[in-house]
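Structure data (compact mmCIF, C-alpha atoms) from start-v1.txt:
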# COMPACT_ATOMS: atom_id res chain seq x y z
CA PRO A 258 149.92 98.98 82.19
CA PRO A 259 153.18 97.04 82.63
CA LEU A 260 153.82 96.23 86.27
CA VAL A 261 156.41 94.64 88.51
CA LEU A 262 154.17 92.37 90.59
CA ASN A 263 156.79 91.04 92.94
CA HIS A 264 160.51 91.32 93.52
CA ARG A 265 162.31 89.44 96.25
CA PRO A 266 165.66 87.84 97.05
CA ILE A 267 166.10 84.08 96.88
CA ARG A 268 166.94 82.48 100.24
CA PHE A 269 169.28 79.54 100.26
CA GLU A 270 169.42 76.99 103.06
CA THR A 271 173.03 76.15 103.90
CA MET B 143 165.81 110.41 75.90
CA ALA B 144 167.24 107.58 78.04
CA ARG B 145 167.75 104.23 76.36
CA TYR B 146 167.44 101.02 78.33
CA VAL B 147 168.52 97.42 77.83
CA GLN B 148 168.51 94.21 79.88
CA LYS B 149 171.48 94.11 82.23
CA SER B 150 172.23 90.48 81.45
CA SER B 151 170.61 87.44 79.89
CA TYR B 152 168.37 86.12 82.65
CA GLU B 153 166.28 82.98 82.86
CA THR B 154 162.68 83.94 82.07
CA THR B 155 159.55 81.81 82.36
CA HIS B 156 156.09 82.69 81.07
CA LEU B 157 153.47 81.19 83.36
CA ASP B 158 149.73 81.99 83.61
CA ASN B 159 149.98 85.46 82.05
CA GLU B 160 152.91 86.32 84.28
CA TYR B 161 156.60 86.49 83.55
CA ILE B 162 159.07 85.24 86.14
CA ILE B 163 162.65 86.45 85.84
CA LEU B 164 165.35 84.56 87.72
CA ASN B 165 168.40 86.69 88.36
CA THR B 166 171.17 84.21 89.15
CA ILE B 167 173.75 86.97 89.60
CA ASP B 168 172.03 88.88 92.43
CA TYR B 169 169.83 85.92 93.48
CA THR B 170 166.44 87.57 93.04
CA VAL B 171 163.10 86.55 91.55
CA THR B 172 160.95 89.15 89.82
CA LYS B 173 157.39 88.65 88.64
CA LEU B 174 155.90 90.85 85.88
CA ASN B 175 152.38 91.05 84.49
CA ASP B 176 151.71 90.11 80.87
CA VAL B 177 152.37 93.53 79.33
CA GLY B 178 155.41 93.90 81.59
CA GLY B 179 156.71 90.66 80.10
CA VAL B 180 156.21 91.99 76.57
CA CYS B 181 158.21 95.09 77.53
CA TRP B 182 160.87 92.86 79.09
CA SER B 183 161.18 90.89 75.84
CA LEU B 184 161.58 94.13 73.89
CA LEU B 185 164.40 95.16 76.21
CA GLU B 186 166.66 92.46 74.77
CA LYS B 187 167.57 95.33 72.43
CA ASP B 188 168.04 99.01 73.28
CA GLN B 189 164.69 100.73 73.83
CA THR B 190 163.37 104.07 74.99
CA ALA B 191 160.06 104.63 76.77
CA GLU B 192 158.85 106.17 73.52
CA SER B 193 159.86 103.21 71.34
CA ILE B 194 158.20 100.73 73.71
CA THR B 195 155.03 102.85 73.80
CA LYS B 196 154.87 102.87 69.99
CA ILE B 197 155.24 99.09 69.78
CA LEU B 198 152.60 98.51 72.46
CA ARG B 199 150.17 100.83 70.68
CA GLN B 200 150.54 98.72 67.53
CA GLU B 201 150.46 95.40 69.39
CA TYR B 202 147.35 96.16 71.44
CA GLN B 203 145.76 98.50 68.90
CA LYS B 204 145.23 101.04 71.61
CA SER B 205 146.21 104.66 71.36
CA ASP B 206 145.90 105.29 75.08
CA VAL B 207 149.07 103.43 76.06
CA ASN B 208 150.56 105.97 78.42
CA GLU B 209 154.26 106.69 77.98
CA LYS B 210 154.40 107.79 81.62
CA ASP B 211 153.40 104.26 82.71
CA ILE B 212 156.24 102.84 80.62
CA GLU B 213 158.74 105.26 82.16
CA GLU B 214 157.63 104.25 85.67
CA PHE B 215 157.91 100.58 84.76
CA LEU B 216 161.43 101.08 83.40
CA SER B 217 162.43 102.92 86.58
CA HIS B 218 161.08 100.04 88.63
CA LEU B 219 163.10 97.54 86.57
CA MET B 220 166.17 99.70 87.20
CA GLU B 221 165.52 99.54 90.96
CA CYS B 222 165.21 95.75 90.68
CA GLY B 223 168.63 95.69 89.00
CA LEU B 224 167.34 94.07 85.81
CA VAL B 225 167.94 96.84 83.27
CA LYS B 226 170.65 99.42 82.72
CA TYR B 227 171.13 102.49 80.59
CA ALA B 228 172.26 101.50 77.11
CA VAL B 229 175.49 103.09 75.91

Would you encode the structure as structure tokens?
Amino acid sequence: PPLVLNHRPIRFET
Amino acid sequence: MARYVQKSSYETTHLDNEYIILNTIDYTVTKLNDVGGVCWSLLEKDQTAESITKILRQEYQKSDVNEKDIEEFLSHLMECGLVKYAV
């Protein structure tokens, strides 16, 4: 079955 | 029946049977399994859960592709902000 394995925001270093 | 389509044209990479979608608008990374990636590719055009199920049944030659699974997957993509209702 189709799955979303992982979903997360990208963190940027300023 | 609800019709879905990709919200925008995102960068997508196919790596080791996984699809990685880079959303440069909301700054998120989403990883899908192989079949999820096939569904994602289909969503470049308007699709319903039923139309995706039909295509997967042909593609994988399996009649037990569950439309309910596809609906759940589409809902999850909506939560991730990657697809929208097609108008």

Using only C-alpha atoms and a distance of at most 6 Å, pull out the residues of chain A that contact chain B, as a compact mmCIF listing (two decimals) with C-alpha atoms, keeping the file's coordinate frame.
# COMPACT_ATOMS: atom_id res chain seq x y z
CA PRO A 259 153.18 97.04 82.63
CA LEU A 260 153.82 96.23 86.27
CA VAL A 261 156.41 94.64 88.51
CA LEU A 262 154.17 92.37 90.59
CA ASN A 263 156.79 91.04 92.94
CA HIS A 264 160.51 91.32 93.52
CA ARG A 265 162.31 89.44 96.25
CA PRO A 266 165.66 87.84 97.05
CA ILE A 267 166.10 84.08 96.88

For a quick check of understanding, using only C-alpha atoms, which of B:Leu184, B:Ala144, B:Val229, B:Leu157 has the smallest distance to Ser217 (chain B)? B:Ala144

Go through B:Tyr227, B:Ser205, B:Met143, B:Ser183 and flag the residue nearest His156 (chain B), using only C-alpha atoms for the distances.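 Between B:Tyr227, B:Ser205, B:Met143, B:Ser183, the residue approaching His156 (chain B) most closely is B:Ser183.
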
Please, what distance in Å, to one decimal, runs between CA of Leu224 (chain B) and CA of Asp206 (chain B)? 26.5 Å

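You can rank B:Ile167, B:Val147, B:Ala191, B:Leu198 by their closest distance to Met220 (chain B) using all atoms listed in the file, and at the top of that list sits B:Val147.
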
Using Å and a single decimal, report how far CA of Tyr202 (chain B) sits from CA of Ser150 (chain B).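 The value is 27.4 Å.
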
Point-to-point distance from CA of Glu192 (chain B) to CA of Ala228 (chain B), Å rounded to tenths: 14.6 Å

Once 4 Å is added on each side, what are the centre and the three edge lengths, in Å to one decimal, of the axis-aligned box enclosing the listed atoms of region 154-169 of chain B? Present them as JSON.
{"center_x": 161.7, "center_y": 85.0, "center_z": 87.3, "size_x": 32.0, "size_y": 15.7, "size_z": 20.4}

Just checking: using only C-alpha atoms, which residue out of B:Thr195, B:Val225, B:Asp188, B:Gln203 ends up closest to Ser151 (chain B)? B:Val225
